[in-house]
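Down below is the structure, laid out as structure tokens.
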Amino acid sequence: MRTEPGSRSDLGAALAETAGDFRRGRLGATLGAGAVMGLVQVVLAITLASLIFRGDLRADLSVGIGIALFGSATVGIVAALTSSLPGMASGTQDSTSAVLGVAAASIAGSTTGAATVPTVEATIIVAALATGLCLYLLGRFEMGELIRYIPLPVVGGFLAGTGVLLVEGSWDILTGGAGTAHLLDGDVAMVWVAGVAMALGLLLASRRDSMRLALPLALVALPVALHAIFWASGVGRDEATARGWLLSGLPDVRVWEPHLATTLADADWSVVAAQAGSILTVIGLSAASFLLYVGGLELELDRDIEPDRDLRGLGVANALSGLGGGPPGYAYVSVTTLGAKLSEPRRGAALISGLACLGVIVAGASVLRWVPVALVGGLLMFIGFTFILEWLWDARRRLPRADYLLVLLITAAITFLGFLPGVAIGVVVAVVLFVVRYSRIDVVRHALSGEHYRSNIDRPESELTVLSEAGASISILELQGFLFFGTANRVLELVTTRVEDASTSALRFLVCDFAGVSGLDSSTAMSFAKVLRTADGHGFQVVISSASDETLEILTAERPEGVAGPVVHADLDHAIQWCEEQILTDAGRVESTAAMAELFTRVIDDRAIVARVVEAFEHRTVEAGQTLVTHGQPAPGLFFIEDGRVEARLEDHDGGPIRLRTIRAGRSVGEMSMYLGTPASATVVTETTCSVRFLSADAFRRLTADDPAAAGALHLVMARTLAERVVHANEAVRSLSRRTGS
């Protein structure tokens, strides 16, 4: 049963679970894991704020840090209490921050004065609110799985491009915007060398499972080491800040204050509207990345996650973040995994992680003045290197060559053209690759001939002989998949080849079965119109089976004027039956009676024995619609049809009848159950008023005991009948095997 985030069942259970994490025996591990997760999350928030508020916005970094901390606190706390995975850490994200950083740089270049920062904040607010609404609706309507249809190379290229931008942003932070000529200056060099060394060290450590604690240790060790150097060199905090070693531009007051109304009033909304593309990118990236992360966390932690439930919770969390000016956010894979390694996944630890960001907001900016620039830039560079390494190096082995080249193309496009052109190029190329690959899938599952593939009509031998001779004039195409301009033309090619094949009889009937077709687009009508025109020109009839009304409407939309339309049947069996009836009618074969004595005489030379066999059978006249044999029950005996038709059927899952075979005059039913002594495998019902010969099970046993010669003659005829059925079945199987190559 689906429940909304915050409902009594979800929230109550989460609160009870969280309370259990703070009880004796679990408190220490919960606090320890939560503290480490919180430290990582606080530094990440500061780092990502530095990515958004860089360049011309560097002087307002305190604003960015405040909203990033608020967003991470809000999303982290709400997600901790609503996620289907205990211990799910969430907050402001690197990839979306990279997009917002590009948008912020664009805004800074197109606005001046006091409107710049409010416009950046307004863009972030709109992105968070829109992301929240989108995520909530995806979860509310249980559409979480749809995001998985985004091509993996597009996501991979986007993340690799994001990694490039993260490295560029981190370099700007580490160098303070200094030009190439000043990179070796003492103060500048100290910062970027330390930052790059940290990034490379974390990157190497991340490649080894035994060094999973490297990140939290680095977050503690680097600041301690740098401040030890400052102390040993006699450099105070103010001097270190002035020389660019520590974060600067931070006010004495709290870094975040609620000012939504002021922001909305002071923003330049025309500039915000111009960032619609970036906002849409943030929305799509948030949904796609979260659901990709869900799959990764399920594998990493060996736990099932309910994506729709988490989407609803994140929708609420992002909306609350946006109302406070915070950026959008979602799950941290690395922080969540880190918490699970330090202790088992716990909601309490994830809650502490979110509360840590809130604690920094309350404590004020004085806490942040001790944070080294090398730590912020190095961590951001490490994240960028991780994306680049995963998608530009590791992916070369696990992705097909075409997909890997697409990742490279998108990465280059994002790097040199920007996010939106890069994504647009990637989507277009991915669609083209999909079309090319899908068009290579043979839309014809089976190409058969009526010579071997017959309808489920149990016919007398005389009719089977006619159909064997003329069956090759029936061509059967069982179609599959989705038909569009790239695949529908395959049908036309096969038809043309068959028409031009002089080695076989002329084509009279083309049967196209759509039972395996999942859908088709309007372009299919053009190819089918050519098929109809070819049929008209070469004198064969097109027959369609198993097609919906919508499919028929599309197929006949472009039918040429004056050209006959297709003959339509509900299923392939009835379509082939219709073709066979046309052939038999043209051959002068009409449905007739088949006296049992006459047919038995063709097999048994001794007419006296045949007469004794016939005398053992009771003659009956059965009205249409009567049941001769009931599925699952013992057959009452053997029925020989002398006149009329009967149908063997089963019921489908909806209770409707499915025709297995139609048995004509000259054939028998019930012999399998009588010989094997098993329940009947199908129900047999008369289609017309029938004249039948009936041999009960008791009469069969008496015949066997009293007249072995007559019983032997009956056995011989039945064996011949069963052998003919096996031969025809084997011919159909061989025909299918030749088609499938098995």
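Each chain of the structure tokens is named A, B, ... in the order shown, its residues numbered from 1; ligands are numbered from 1 in display order.
Backbone DSSP over region 198-386 of chain A gives strand (DSSP E or B) for A:Leu246, A:Gly329, A:Tyr330, A:Ala331, A:Pro372.
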Point to revise | Spatial neighbours of region 462-472 of chain A, max dist 6 Å, only C-alpha atoms, sep filter under 5 positions, as number ranges by chain | key: A: 449-451
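In this model, the gap between CA of Ala331 (chain A) and CA of Leu69 (chain A) comes to 15.1 Å.
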Review point. Could you name the residues that touch region 53-65 of chain A at 9 Å or less, counting only C-alpha atoms, but leaving out those on the same chain fewer than 3 positions away, as a PyMOL selection string?
Key: chain A and resi 45-50+68-70+101+104-105+108-109+116-117+121+169+172-173+176-177+248-251+255-256+326+365
Exercise for review: Please identify all polymer residues within 8 Å of Leu375 (chain A), counting only C-alpha atoms, omitting same-chain residues fewer than 2 positions from it, and present them as a list in words.
Suggested key: Gly195, Met198, Leu219, Leu222, Pro223, Val371, Pro372, Val373, Gly377, Gly378 and Leu379 of chain A
Selected residues written out, N, CA and C atoms, as a PDB file, in the first residue's frame:
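That gives us selection_17.pdb:
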```
ATOM      1  N   GLY A 195      46.123  21.555  -2.485  1.00  0.00           N
ATOM      2  CA  GLY A 195      44.818  21.096  -2.967  1.00  0.00           C
ATOM      3  C   GLY A 195      44.929  19.973  -3.979  1.00  0.00           C
ATOM      4  N   MET A 198      46.035  16.810  -2.295  1.00  0.00           N
ATOM      5  CA  MET A 198      44.916  16.183  -1.587  1.00  0.00           C
ATOM      6  C   MET A 198      43.999  15.449  -2.569  1.00  0.00           C
ATOM      7  N   LEU A 219      39.826  15.035   5.758  1.00  0.00           N
ATOM      8  CA  LEU A 219      39.102  16.235   6.173  1.00  0.00           C
ATOM      9  C   LEU A 219      39.574  16.741   7.526  1.00  0.00           C
ATOM     10  N   LEU A 222      44.217  17.369   6.882  1.00  0.00           N
ATOM     11  CA  LEU A 222      44.708  18.513   6.118  1.00  0.00           C
ATOM     12  C   LEU A 222      44.566  19.830   6.886  1.00  0.00           C
ATOM     13  N   PRO A 223      43.407  20.144   7.475  1.00  0.00           N
ATOM     14  CA  PRO A 223      43.323  21.388   8.249  1.00  0.00           C
ATOM     15  C   PRO A 223      44.304  21.416   9.425  1.00  0.00           C
ATOM     16  N   VAL A 371      38.559  27.078   7.902  1.00  0.00           N
ATOM     17  CA  VAL A 371      38.579  26.086   6.823  1.00  0.00           C
ATOM     18  C   VAL A 371      39.583  26.513   5.757  1.00  0.00           C
ATOM     19  N   PRO A 372      40.584  25.672   5.425  1.00  0.00           N
ATOM     20  CA  PRO A 372      41.569  26.023   4.396  1.00  0.00           C
ATOM     21  C   PRO A 372      40.956  26.001   2.994  1.00  0.00           C
ATOM     22  N   VAL A 373      41.404  26.930   2.171  1.00  0.00           N
ATOM     23  CA  VAL A 373      40.963  26.950   0.779  1.00  0.00           C
ATOM     24  C   VAL A 373      41.415  25.671   0.072  1.00  0.00           C
ATOM     25  N   GLY A 377      38.987  23.394  -2.307  1.00  0.00           N
ATOM     26  CA  GLY A 377      39.335  23.175  -3.700  1.00  0.00           C
ATOM     27  C   GLY A 377      39.779  21.756  -3.974  1.00  0.00           C
ATOM     28  N   GLY A 378      40.538  21.167  -3.049  1.00  0.00           N
ATOM     29  CA  GLY A 378      41.013  19.798  -3.228  1.00  0.00           C
ATOM     30  C   GLY A 378      39.883  18.792  -3.240  1.00  0.00           C
ATOM     31  N   LEU A 379      38.907  18.977  -2.342  1.00  0.00           N
ATOM     32  CA  LEU A 379      37.771  18.067  -2.305  1.00  0.00           C
ATOM     33  C   LEU A 379      36.956  18.171  -3.594  1.00  0.00           C
TER      34      LEU A 379
END
```
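You will find CA of Arg459 (chain A) at 12.2 Å from CA of Glu647 (chain A).
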Exercise for review: Measuring atom to atom with only C-alpha atoms, identify which of A:Val427, A:Ile414, A:Leu408, A:Ile107 is nearest to Val271 (chain A).
Suggested key: A:Ile107
Check your understanding: Near Glu623 (chain A), within 10 Å and counting only C-alpha atoms, which residues show up once chain neighbours fewer than 6 positions away are dropped, as a PyMOL selection string?
Key -> chain A and resi 644+685-691
Go ahead and dump the residues you just picked, N, CA and C atoms, as a CSV table (one decimal), in the first residue's frame.
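Everything below was put into out_19.csv:
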```csv
chain,number,residue,atom,x,y,z
A,644,GLY,N,-19.8,-33.1,-40.6
A,644,GLY,CA,-19.8,-31.9,-39.7
A,644,GLY,C,-18.4,-31.6,-39.2
A,685,VAL,N,-16.0,-29.6,-28.7
A,685,VAL,CA,-17.4,-29.2,-28.9
A,685,VAL,C,-17.8,-29.2,-30.3
A,686,THR,N,-19.0,-29.6,-30.7
A,686,THR,CA,-19.4,-29.6,-32.1
A,686,THR,C,-19.7,-28.2,-32.6
A,687,GLU,N,-19.1,-27.9,-33.7
A,687,GLU,CA,-19.4,-26.6,-34.4
A,687,GLU,C,-20.7,-26.6,-35.2
A,688,THR,N,-20.9,-27.8,-35.8
A,688,THR,CA,-22.2,-28.0,-36.6
A,688,THR,C,-22.8,-29.2,-36.1
A,689,THR,N,-24.0,-29.4,-36.6
A,689,THR,CA,-24.7,-30.7,-36.4
A,689,THR,C,-23.8,-31.8,-37.0
A,690,CYS,N,-23.4,-32.8,-36.2
A,690,CYS,CA,-22.5,-33.8,-36.7
A,690,CYS,C,-23.0,-35.2,-36.7
A,691,SER,N,-22.6,-36.0,-37.7
A,691,SER,CA,-22.9,-37.4,-37.7
A,691,SER,C,-21.6,-38.1,-37.3
```
Exercise for review: Looking only at helix (DSSP H, G or I) from DSSP on the backbone, list the matching residues of region 139-187 of chain A as number ranges by chain.
Suggested key: A: 139-140, 144-149, 152-175, 180-182, 186-187
Store the residues picked out above in a file with C-alpha atoms, as a compact mmCIF listing (two decimals), in the first residue's frame.
```txt
# COMPACT_ATOMS: atom_id res chain seq x y z
CA GLY A 139 6.96 9.41 -6.97
CA ARG A 140 3.27 10.20 -6.54
CA GLY A 144 10.35 6.35 -10.84
CA GLU A 145 11.29 3.52 -13.18
CA LEU A 146 10.80 5.73 -16.27
CA ILE A 147 13.97 7.68 -15.51
CA ARG A 148 15.93 4.48 -16.03
CA TYR A 149 15.16 4.77 -19.74
CA LEU A 152 23.48 5.35 -19.97
CA PRO A 153 26.03 7.00 -22.33
CA VAL A 154 24.11 10.29 -22.08
CA VAL A 155 24.21 10.18 -18.29
CA GLY A 156 27.85 9.08 -18.36
CA GLY A 157 28.86 11.85 -20.76
CA PHE A 158 26.99 14.38 -18.66
CA LEU A 159 28.75 13.26 -15.48
CA ALA A 160 32.15 13.25 -17.20
CA GLY A 161 31.46 16.76 -18.51
CA THR A 162 30.39 17.74 -15.01
CA GLY A 163 33.71 16.36 -13.76
CA VAL A 164 35.61 18.58 -16.19
CA LEU A 165 33.70 21.64 -15.00
CA LEU A 166 34.26 20.66 -11.36
CA VAL A 167 38.02 20.47 -11.97
CA GLU A 168 37.95 23.83 -13.73
CA GLY A 169 35.97 25.34 -10.85
CA SER A 170 38.27 23.83 -8.24
CA TRP A 171 41.33 25.21 -10.03
CA ASP A 172 39.76 28.65 -10.02
CA ILE A 173 39.17 28.30 -6.26
CA LEU A 174 42.69 27.04 -5.53
CA THR A 175 44.43 29.72 -7.57
CA THR A 180 49.52 31.67 -15.32
CA ALA A 181 52.36 34.08 -14.53
CA HIS A 182 51.52 34.02 -10.81
CA GLY A 186 54.57 31.54 -2.81
CA ASP A 187 51.07 31.99 -1.39
```
Exercise for review: For Leu406 (chain A), please output as a PyMOL selection string all residues within 10 Å (counting only C-alpha atoms; exclusion window: fewer than 3 positions along the same chain).
Suggested key: chain A and resi 153-154+156-157+400-403+409-412+425-427+429-430+433
Point to revise | Residues within 7 Å of Glu671 (chain A), only C-alpha atoms, excluding chain neighbours under 3 positions, as a ChimeraX atom specification | key: /A:638,674-675
Just-selected residues, N, CA and C atoms written as a PDB file, in the first residue's frame:
```pdb
ATOM      1  N   LEU A 638     -13.997 -43.095 -28.100  1.00  0.00           N
ATOM      2  CA  LEU A 638     -13.434 -42.623 -29.356  1.00  0.00           C
ATOM      3  C   LEU A 638     -14.577 -42.177 -30.277  1.00  0.00           C
ATOM      4  N   MET A 674      -8.209 -42.247 -24.515  1.00  0.00           N
ATOM      5  CA  MET A 674      -8.633 -43.634 -24.415  1.00  0.00           C
ATOM      6  C   MET A 674      -7.432 -44.577 -24.370  1.00  0.00           C
ATOM      7  N   TYR A 675      -6.429 -44.313 -25.210  1.00  0.00           N
ATOM      8  CA  TYR A 675      -5.256 -45.182 -25.244  1.00  0.00           C
ATOM      9  C   TYR A 675      -4.409 -45.039 -23.978  1.00  0.00           C
TER      10      TYR A 675
END
```
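Closest to Ala79 (chain A) among A:Ile352, A:Met672, A:Leu492, A:Leu572 is A:Ile352, based on only C-alpha atoms.
With only C-alpha atoms as the atoms that count, the minimum distance from Met526 (chain A) to the choices A:Glu558, A:Asp304, A:Glu142, A:Asp394 is reached by A:Glu558.
Using only C-alpha atoms for every distance, the candidate list A:Gly329, A:Gly315, A:Pro216, A:Gly481 yields A:Gly329 as the residue closest to Leu285 (chain A).
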Check your understanding: If you measure from CA of Ser473 (chain A) to CA of Val499 (chain A), what distance in Å do you get, rounded to one decimal?
Key -> 10.3 Å
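Distances to Leu507 (chain A) were evaluated for A:Ala103, A:Val669, A:Leu532, A:Val495 using only C-alpha atoms, and the minimum falls at A:Val495.
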Exercise for review: Counting only C-alpha atoms, figure out which residue out of A:Thr30, A:Ser97, A:Ser206, A:Thr556 gets nearest to Ala340 (chain A).
Suggested key: A:Thr30
